[in-house]
Each structure stands twice: as C-alpha cells, then as structure tokens.
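File shown: structure.txt (compact mmCIF, C-alpha atoms).
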# COMPACT_ATOMS: atom_id res chain seq x y z
CA MET Q 1 0.00 0.00 0.00
CA ASN Q 2 1.23 3.45 -0.90
CA ILE Q 3 1.52 5.73 2.15
CA LEU Q 4 0.42 8.77 0.12
CA GLU Q 5 -2.78 6.98 -0.95
CA ILE Q 6 -3.49 6.05 2.68
CA ILE Q 7 -3.02 9.69 3.76
CA LEU Q 8 -5.25 10.97 0.93
CA TRP Q 9 -8.01 8.46 1.68
CA SER Q 10 -7.77 9.08 5.43
CA GLY Q 11 -8.17 12.81 4.75
CA LEU Q 12 -11.17 12.13 2.51
CA ILE Q 13 -12.82 9.97 5.17
CA LEU Q 14 -12.26 12.66 7.82
CA LEU Q 15 -13.76 15.31 5.52
CA LEU Q 16 -16.79 13.10 4.89
CA VAL Q 17 -17.26 12.46 8.63
CA ALA Q 18 -17.20 16.23 9.17
CA ALA Q 19 -19.72 16.63 6.34
CA VAL Q 20 -22.09 14.08 7.93
CA LEU Q 21 -21.91 15.90 11.26
CA LEU Q 22 -22.56 19.28 9.61
CA ALA Q 23 -25.46 17.81 7.62
CA LEU Q 24 -27.01 16.46 10.82
CA VAL Q 25 -26.76 19.86 12.51
CA ALA Q 26 -28.05 21.63 9.38
CA SER Q 27 -31.04 19.29 9.13
CA ARG Q 28 -32.49 20.29 12.49
CA ARG Q 29 -35.94 21.63 11.71
CA PRO Q 30 -36.34 25.34 12.44
CA THR Q 31 -39.01 26.54 14.85
CA PRO Q 32 -40.23 30.08 15.52
CA SER Q 33 -38.09 30.21 18.69
CA LYS Q 34 -35.02 28.50 17.16
CA PRO Q 35 -34.02 29.49 13.65
CA GLY Q 36 -32.67 26.70 11.50
CA ASN Q 37 -29.04 25.96 10.80
CA HIS Q 38 -29.73 24.97 7.20
CA TRP Q 39 -27.06 27.32 5.84
CA LEU Q 40 -24.46 24.97 7.37
CA ILE Q 41 -25.14 22.72 4.39
CA ILE Q 42 -23.00 24.97 2.16
CA PRO Q 43 -19.67 23.57 3.50
CA VAL Q 44 -21.16 20.09 3.08
CA VAL Q 45 -21.83 20.84 -0.60
CA VAL Q 46 -18.19 21.90 -0.94
CA LEU Q 47 -16.97 18.71 0.77
CA VAL Q 48 -19.14 16.53 -1.49
CA ALA Q 49 -17.76 18.41 -4.50
CA ILE Q 50 -14.24 17.67 -3.26
CA ALA Q 51 -15.12 13.97 -2.98
CA ILE Q 52 -16.50 13.97 -6.54
CA VAL Q 53 -13.42 15.77 -7.90
CA PHE Q 54 -11.23 13.28 -6.02
CA ALA Q 55 -13.11 10.43 -7.68
CA VAL Q 56 -12.94 12.01 -11.15
CA ALA Q 57 -9.20 12.63 -10.75
CA GLY Q 58 -8.66 8.92 -10.28
CA GLY Q 59 -8.35 8.86 -6.51
CA TRP Q 60 -11.34 6.53 -6.26
CA ALA Q 61 -9.57 3.91 -8.40
CA SER Q 62 -6.46 4.01 -6.21
CA VAL Q 63 -8.19 2.98 -2.99
CA PRO Q 64 -5.61 1.33 -0.69
CA SER Q 65 -8.15 -1.10 0.80
CA LEU Q 66 -11.80 -2.05 0.49
CA GLY Q 67 -12.47 -0.64 3.96
CA PHE Q 68 -11.69 2.90 2.81
CA ARG Q 69 -14.05 2.56 -0.15
CA ILE Q 70 -16.88 1.14 1.96
CA ALA Q 71 -16.46 3.91 4.55
CA ALA Q 72 -16.50 6.60 1.85
CA VAL Q 73 -19.60 5.14 0.18
CA VAL Q 74 -21.51 4.82 3.48
CA LEU Q 75 -20.62 8.38 4.48
CA LEU Q 76 -21.59 9.80 1.06
CA LEU Q 77 -24.91 7.96 1.19
CA ALA Q 78 -25.62 9.30 4.69
CA ILE Q 79 -24.86 12.81 3.45
CA GLY Q 80 -27.11 12.21 0.45
CA VAL Q 81 -30.08 11.28 2.61
CA VAL Q 82 -29.64 13.73 5.50
CA GLY Q 83 -28.21 16.72 3.63
CA GLY Q 84 -30.99 17.10 1.10
CA SER Q 85 -33.55 18.77 3.37
CA PRO Q 86 -31.38 21.70 4.49
CA LEU Q 87 -30.14 22.16 0.93
CA VAL Q 88 -33.73 22.37 -0.30
CA LEU Q 89 -34.44 25.10 2.29
CA VAL Q 90 -31.38 27.08 1.18
CA VAL Q 91 -32.32 26.85 -2.50
CA LEU Q 92 -35.94 27.80 -1.75
CA GLU Q 93 -34.74 30.84 0.20
CA LEU Q 94 -32.46 31.86 -2.66
CA ALA Q 95 -35.26 31.33 -5.21
CA GLY Q 96 -37.75 33.34 -3.17
CA SER Q 97 -35.35 35.94 -1.80
CA GLY Q 98 -36.30 35.26 1.79
CA ALA Q 99 -36.94 32.72 4.49
CA VAL Q 100 -39.32 29.90 3.68
CA PRO Q 101 -42.05 29.72 6.34
CA LEU Q 102 -42.53 26.20 7.63
CA GLY Q 103 -45.46 24.90 9.60
CA ASP Q 104 -45.42 22.96 12.85
CA HIS Q 105 -45.21 19.66 10.96
CA GLY Q 106 -42.53 20.67 8.44
CA GLY Q 107 -45.06 21.61 5.77
CA ILE Q 108 -45.22 24.79 3.72
CA LEU Q 109 -47.38 27.67 4.92
CA VAL Q 110 -49.51 29.31 2.24
CA SER Q 111 -51.76 32.30 2.70
CA GLU Q 112 -55.45 31.98 2.01
CA ALA Q 113 -58.07 34.67 1.82
CA GLY Q 114 -60.16 35.08 4.94
CA THR Q 115 -63.43 33.23 5.09
CA ARG Q 116 -65.46 36.35 5.90
CA SER Q 117 -65.55 39.57 3.97
CA GLY Q 118 -62.65 41.78 5.07
CA ALA Q 119 -61.04 39.04 7.20
CA ARG Q 120 -57.25 38.76 7.34
CA PRO Q 121 -55.66 36.06 5.19
CA GLN Q 122 -54.85 32.95 7.19
CA ASP Q 123 -51.91 30.62 6.81
CA ARG Q 124 -52.62 27.00 6.05
CA GLU Q 125 -50.00 24.28 6.30
CA ILE Q 126 -49.81 22.05 3.24
CA LEU Q 127 -47.38 19.32 2.16
CA ARG Q 128 -47.04 18.22 5.77
CA GLY Q 129 -44.37 15.63 6.28
CA GLY Q 130 -42.41 16.92 3.31
CA MET Q 131 -39.07 16.55 5.08
CA THR Q 132 -39.77 12.91 5.93
CA ILE Q 133 -40.91 12.24 2.38
CA GLY Q 134 -37.70 13.90 1.17
CA TYR Q 135 -35.59 11.53 3.28
CA LEU Q 136 -37.44 8.53 1.87
CA GLU Q 137 -37.26 9.91 -1.67
CA ARG Q 138 -33.47 10.34 -1.49
CA LEU Q 139 -33.07 6.92 0.14
CA ALA Q 140 -35.09 5.33 -2.68
CA ILE Q 141 -33.11 7.17 -5.37
CA ILE Q 142 -29.80 6.17 -3.82
CA GLY Q 143 -30.97 2.57 -3.44
CA ALA Q 144 -32.15 2.49 -7.07
CA ALA Q 145 -28.81 3.87 -8.28
CA LEU Q 146 -26.84 1.33 -6.21
CA ALA Q 147 -29.00 -1.45 -7.68
CA GLY Q 148 -28.48 -0.07 -11.21
CA GLN Q 149 -32.23 0.53 -11.62
CA TYR Q 150 -32.14 4.15 -12.80
CA ALA Q 151 -35.68 3.97 -14.19
CA ALA Q 152 -36.91 3.61 -10.61
CA VAL Q 153 -36.10 7.31 -10.11
CA ALA Q 154 -38.98 8.17 -12.48
CA ILE Q 155 -41.29 5.95 -10.42
CA VAL Q 156 -40.25 7.70 -7.18
CA VAL Q 157 -40.93 11.13 -8.71
CA ALA Q 158 -44.27 9.98 -10.17
CA VAL Q 159 -45.46 8.50 -6.88
CA LYS Q 160 -44.46 11.65 -5.02
CA GLY Q 161 -46.22 13.90 -7.54
CA LEU Q 162 -49.42 11.85 -7.66
CA GLY Q 163 -49.55 11.57 -3.88
CA ARG Q 164 -49.29 15.34 -3.48
CA PHE Q 165 -51.37 16.43 -6.49
CA SER Q 166 -54.41 17.47 -4.46
CA GLU Q 167 -52.32 19.85 -2.34
CA LEU Q 168 -50.76 21.67 -5.28
CA GLU Q 169 -53.62 24.01 -6.16
CA ASN Q 170 -51.61 26.97 -4.83
CA ALA Q 171 -49.03 28.42 -7.26
CA ALA Q 172 -46.46 29.01 -4.49
CA ALA Q 173 -46.86 25.42 -3.30
CA ARG Q 174 -46.37 24.06 -6.84
CA GLU Q 175 -43.22 26.10 -7.30
CA ARG Q 176 -41.75 25.01 -3.96
CA PHE Q 177 -42.70 21.39 -4.63
CA ILE Q 178 -40.97 21.37 -8.02
CA ILE Q 179 -37.84 23.16 -6.78
CA GLY Q 180 -37.62 20.96 -3.69
CA THR Q 181 -38.06 17.74 -5.65
CA LEU Q 182 -35.44 18.66 -8.25
CA VAL Q 183 -32.90 19.80 -5.65
CA SER Q 184 -33.49 16.61 -3.68
CA ILE Q 185 -32.99 14.39 -6.74
CA VAL Q 186 -29.85 16.20 -7.92
CA TRP Q 187 -28.37 16.08 -4.41
CA ALA Q 188 -29.01 12.34 -4.03
CA ALA Q 189 -27.55 11.68 -7.48
CA ALA Q 190 -24.43 13.75 -6.73
CA CYS Q 191 -23.80 11.93 -3.47
CA VAL Q 192 -24.25 8.44 -4.95
CA ALA Q 193 -22.32 9.13 -8.18
CA PRO Q 194 -18.84 8.17 -6.89
CA ALA Q 195 -20.24 4.86 -5.63
CA VAL Q 196 -21.88 3.79 -8.89
CA ILE Q 197 -19.57 5.14 -11.57
CA ASP Q 198 -16.31 3.34 -12.20
CA TRP Q 199 -13.99 6.27 -12.62
Show how you would write the structure in this file as structure tokens.
Amino acid sequence: MNILEIILWSGLILLLVAAVLLALVASRRPTPSKPGNHWLIIPVVVLVAIAIVFAVAGGWASVPSLGFRIAAVVLLLAIGVVGGSPLVLVVLELAGSGAVPLGDHGGILVSEAGTRSGARPQDREILRGGMTIGYLERLAIIGAALAGQYAAVAIVVAVKGLGRFSELENAAARERFIIGTLVSIVWAAACVAPAVIDW
C-alpha cells in the first residue's frame, strides 16, 4: 500500500465524517423560537464536490483497501439522505429571496383569503411531512442507483407527484414542490455518483 494513498483516503474519510456531522446539525428543523441551521449545508456541498473531484481525478480507483471505499460510500450515502432537506431550504430561500415559512409539521405555509368579507388572510399548512418524504425519496433514489435501476427514479418522482397532487392548487406550493423535488434528486444523485460510476 502506498503511504500517500493512505493519507489521501484518510483525509477524505475525515472530511466526509465532518460533512455528515454538519449535515445532521443543518437538518435540524427550524421553529419560531429556534431558527434553522440549514445554511451549514453549504460547507457540506463543498466537501461533497471535493469527494467527486477526487473520484474524477482517479483517486477513487487508487483505494488502498476495500475498507476505505466502503467507509467513503456509506458516508456519502448518509450525506445524500440527511443533507438534502437543508439544501432544499437554502435553494428555496435563494429562489424566493427570503426565508421559507414552515409549519409545525414541516409543511409549507400558504396564505389563504379570509373566510369572511374583510377578514385577514390565514396561513394553512400544506405538504405536511415533506421533510420525511424527502428523506425517503433520497433513500429510494440512492438505493435504485446502487442497484443499477435508474428507471426507478422516475417511479419515485411519479409517486411523489401523484400523492401530493391534491395539495398543489396553490401556485407558491407548486413552485416550492418542483424546486424541492429537483434539488433533492440532484443532491441524491451527486452523493451516490462516486459509488456507482467506475472512474
């Protein structure tokens, strides 16, 4: 075993462990009293990009032992599942130029006209459980990629869309749903790519 390869892979594993920890902290759901830490996902994105560049540059092929490769794959998959939710919140904030209001159950708050004439608009929580669905969606996409069943990604997206269709009558909800789904899919694909592509 080459000592330089061991040092490089050890450094990569340490970076990925740090990324998992940051993703866990970033994924804590914000509440009115405790703002979220979702912006901590930005260094995680950088660390995942470093791992992908390392793989593209041939570092993935020069793994000194199977243990290093298994550790890197497991850590990248954990980042892929956990890191998607805070990344979605960051992208939604950037797309909407402001904080994304979340309900008590992790759903999106949309304003509705008051029921009586002259009444104030009220917020209604829709797409409840969206964060949990996002975790399952990314887990399914990663599992499909590892199994080589890339067509299953279309099934995951179709099931998610059909299951939420009745809640997408609001234009803001549709936009957030589409952005969130696409960010989630791209993030899962980026995190699983080094594991499924033979660089």
Residue neighbourhood Ile141 of chain Q, 8 Å, all atoms listed in the file, exclusion window fewer than 6 positions, as a PDB file with C-alpha atoms, in the coordinates of the input:
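For reference, part.pdb as written:
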ATOM      1  CA  ALA Q 152     -36.910   3.610 -10.610  1.00  0.00           C
ATOM      2  CA  VAL Q 153     -36.100   7.310 -10.110  1.00  0.00           C
ATOM      3  CA  VAL Q 156     -40.250   7.700  -7.180  1.00  0.00           C
ATOM      4  CA  ILE Q 185     -32.990  14.390  -6.740  1.00  0.00           C
ATOM      5  CA  ALA Q 188     -29.010  12.340  -4.030  1.00  0.00           C
ATOM      6  CA  ALA Q 189     -27.550  11.680  -7.480  1.00  0.00           C
TER       7      ALA Q 189
END
**Message:** Let me make sure I understand: among Q:Val56, Q:Leu77, Q:Val44, Q:Ile133, which one has the smallest atom-to-atom distance to Ile197 of chain Q if we use all atoms listed in the file?
**Reply:** Q:Val56
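For the set Q:Val186, Q:Leu24, Q:Leu87, Q:Leu8, the residue with the smallest atom-to-atom gap to Ile50 of chain Q is Q:Leu8, counting all atoms listed in the file.
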**Long-range neighbours of segment 178-181 of chain Q as a ChimeraX atom specification, 12 Å cut-off, only C-alpha atoms, 6 positions minimum in chain** = /Q:84-96,100,108,127,130-131,133-138,141,153-154,156-161,164-165,168,171-172,187-188
Serialized selection, C-alpha atoms, as a PDB file, in the coordinates of the input:
ATOM      1  CA  GLY Q  84     -30.990  17.100   1.100  1.00  0.00           C
ATOM      2  CA  SER Q  85     -33.550  18.770   3.370  1.00  0.00           C
ATOM      3  CA  PRO Q  86     -31.380  21.700   4.490  1.00  0.00           C
ATOM      4  CA  LEU Q  87     -30.140  22.160   0.930  1.00  0.00           C
ATOM      5  CA  VAL Q  88     -33.730  22.370  -0.300  1.00  0.00           C
ATOM      6  CA  LEU Q  89     -34.440  25.100   2.290  1.00  0.00           C
ATOM      7  CA  VAL Q  90     -31.380  27.080   1.180  1.00  0.00           C
ATOM      8  CA  VAL Q  91     -32.320  26.850  -2.500  1.00  0.00           C
ATOM      9  CA  LEU Q  92     -35.940  27.800  -1.750  1.00  0.00           C
ATOM     10  CA  GLU Q  93     -34.740  30.840   0.200  1.00  0.00           C
ATOM     11  CA  LEU Q  94     -32.460  31.860  -2.660  1.00  0.00           C
ATOM     12  CA  ALA Q  95     -35.260  31.330  -5.210  1.00  0.00           C
ATOM     13  CA  GLY Q  96     -37.750  33.340  -3.170  1.00  0.00           C
ATOM     14  CA  VAL Q 100     -39.320  29.900   3.680  1.00  0.00           C
ATOM     15  CA  ILE Q 108     -45.220  24.790   3.720  1.00  0.00           C
ATOM     16  CA  LEU Q 127     -47.380  19.320   2.160  1.00  0.00           C
ATOM     17  CA  GLY Q 130     -42.410  16.920   3.310  1.00  0.00           C
ATOM     18  CA  MET Q 131     -39.070  16.550   5.080  1.00  0.00           C
ATOM     19  CA  ILE Q 133     -40.910  12.240   2.380  1.00  0.00           C
ATOM     20  CA  GLY Q 134     -37.700  13.900   1.170  1.00  0.00           C
ATOM     21  CA  TYR Q 135     -35.590  11.530   3.280  1.00  0.00           C
ATOM     22  CA  LEU Q 136     -37.440   8.530   1.870  1.00  0.00           C
ATOM     23  CA  GLU Q 137     -37.260   9.910  -1.670  1.00  0.00           C
ATOM     24  CA  ARG Q 138     -33.470  10.340  -1.490  1.00  0.00           C
ATOM     25  CA  ILE Q 141     -33.110   7.170  -5.370  1.00  0.00           C
ATOM     26  CA  VAL Q 153     -36.100   7.310 -10.110  1.00  0.00           C
ATOM     27  CA  ALA Q 154     -38.980   8.170 -12.480  1.00  0.00           C
ATOM     28  CA  VAL Q 156     -40.250   7.700  -7.180  1.00  0.00           C
ATOM     29  CA  VAL Q 157     -40.930  11.130  -8.710  1.00  0.00           C
ATOM     30  CA  ALA Q 158     -44.270   9.980 -10.170  1.00  0.00           C
ATOM     31  CA  VAL Q 159     -45.460   8.500  -6.880  1.00  0.00           C
ATOM     32  CA  LYS Q 160     -44.460  11.650  -5.020  1.00  0.00           C
ATOM     33  CA  GLY Q 161     -46.220  13.900  -7.540  1.00  0.00           C
ATOM     34  CA  ARG Q 164     -49.290  15.340  -3.480  1.00  0.00           C
ATOM     35  CA  PHE Q 165     -51.370  16.430  -6.490  1.00  0.00           C
ATOM     36  CA  LEU Q 168     -50.760  21.670  -5.280  1.00  0.00           C
ATOM     37  CA  ALA Q 171     -49.030  28.420  -7.260  1.00  0.00           C
ATOM     38  CA  ALA Q 172     -46.460  29.010  -4.490  1.00  0.00           C
ATOM     39  CA  TRP Q 187     -28.370  16.080  -4.410  1.00  0.00           C
ATOM     40  CA  ALA Q 188     -29.010  12.340  -4.030  1.00  0.00           C
TER      41      ALA Q 188
END
**Request:** Quick one: pull the distance between atom CA of Leu21 of chain Q and atom CA of Ile79 of chain Q, Å, one decimal.
**Result:** 8.9 Å
**Request:** Using atom CA of Val81 of chain Q and atom CA of Leu12 of chain Q as the two end points, give the distance in Å to one decimal.
**Result:** 18.9 Å
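Using only C-alpha atoms, the nearest neighbour of Gly58 of chain Q within the list Q:Phe177, Q:Trp39, Q:Trp9, Q:Tyr150 is Q:Trp9.
When all atoms listed in the file are used to compute distances to Pro64 of chain Q, the closest of the residues Q:Ile6, Q:Glu175, Q:Ala151, Q:Ala140 turns out to be Q:Ile6.
With all atoms listed in the file as the atoms that count, the residue of Q:Pro194, Q:Leu139, Q:Ile52, Q:Leu76 with the shortest distance to Ile13 of chain Q is Q:Leu76.
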**Message:** One number please: atom CA of Val48 of chain Q to atom CA of Leu15 of chain Q, in Å, one decimal.
**Reply:** 8.9 Å
**Asked** Between Q:Ala147, Q:Ala72, Q:Ile3, Q:Val183, which has the minimum distance to Val196 of chain Q (counting all atoms listed in the file)?
**Response** Q:Ala147
**Prompt:** Mind listing as an MDAnalysis selection string all residues within 8 Å of (-25.4, 19.8, 7.9), counting all atoms listed in the file?
**Reply:** chainID Q and resid 19:27 37:41 44 82:83 86
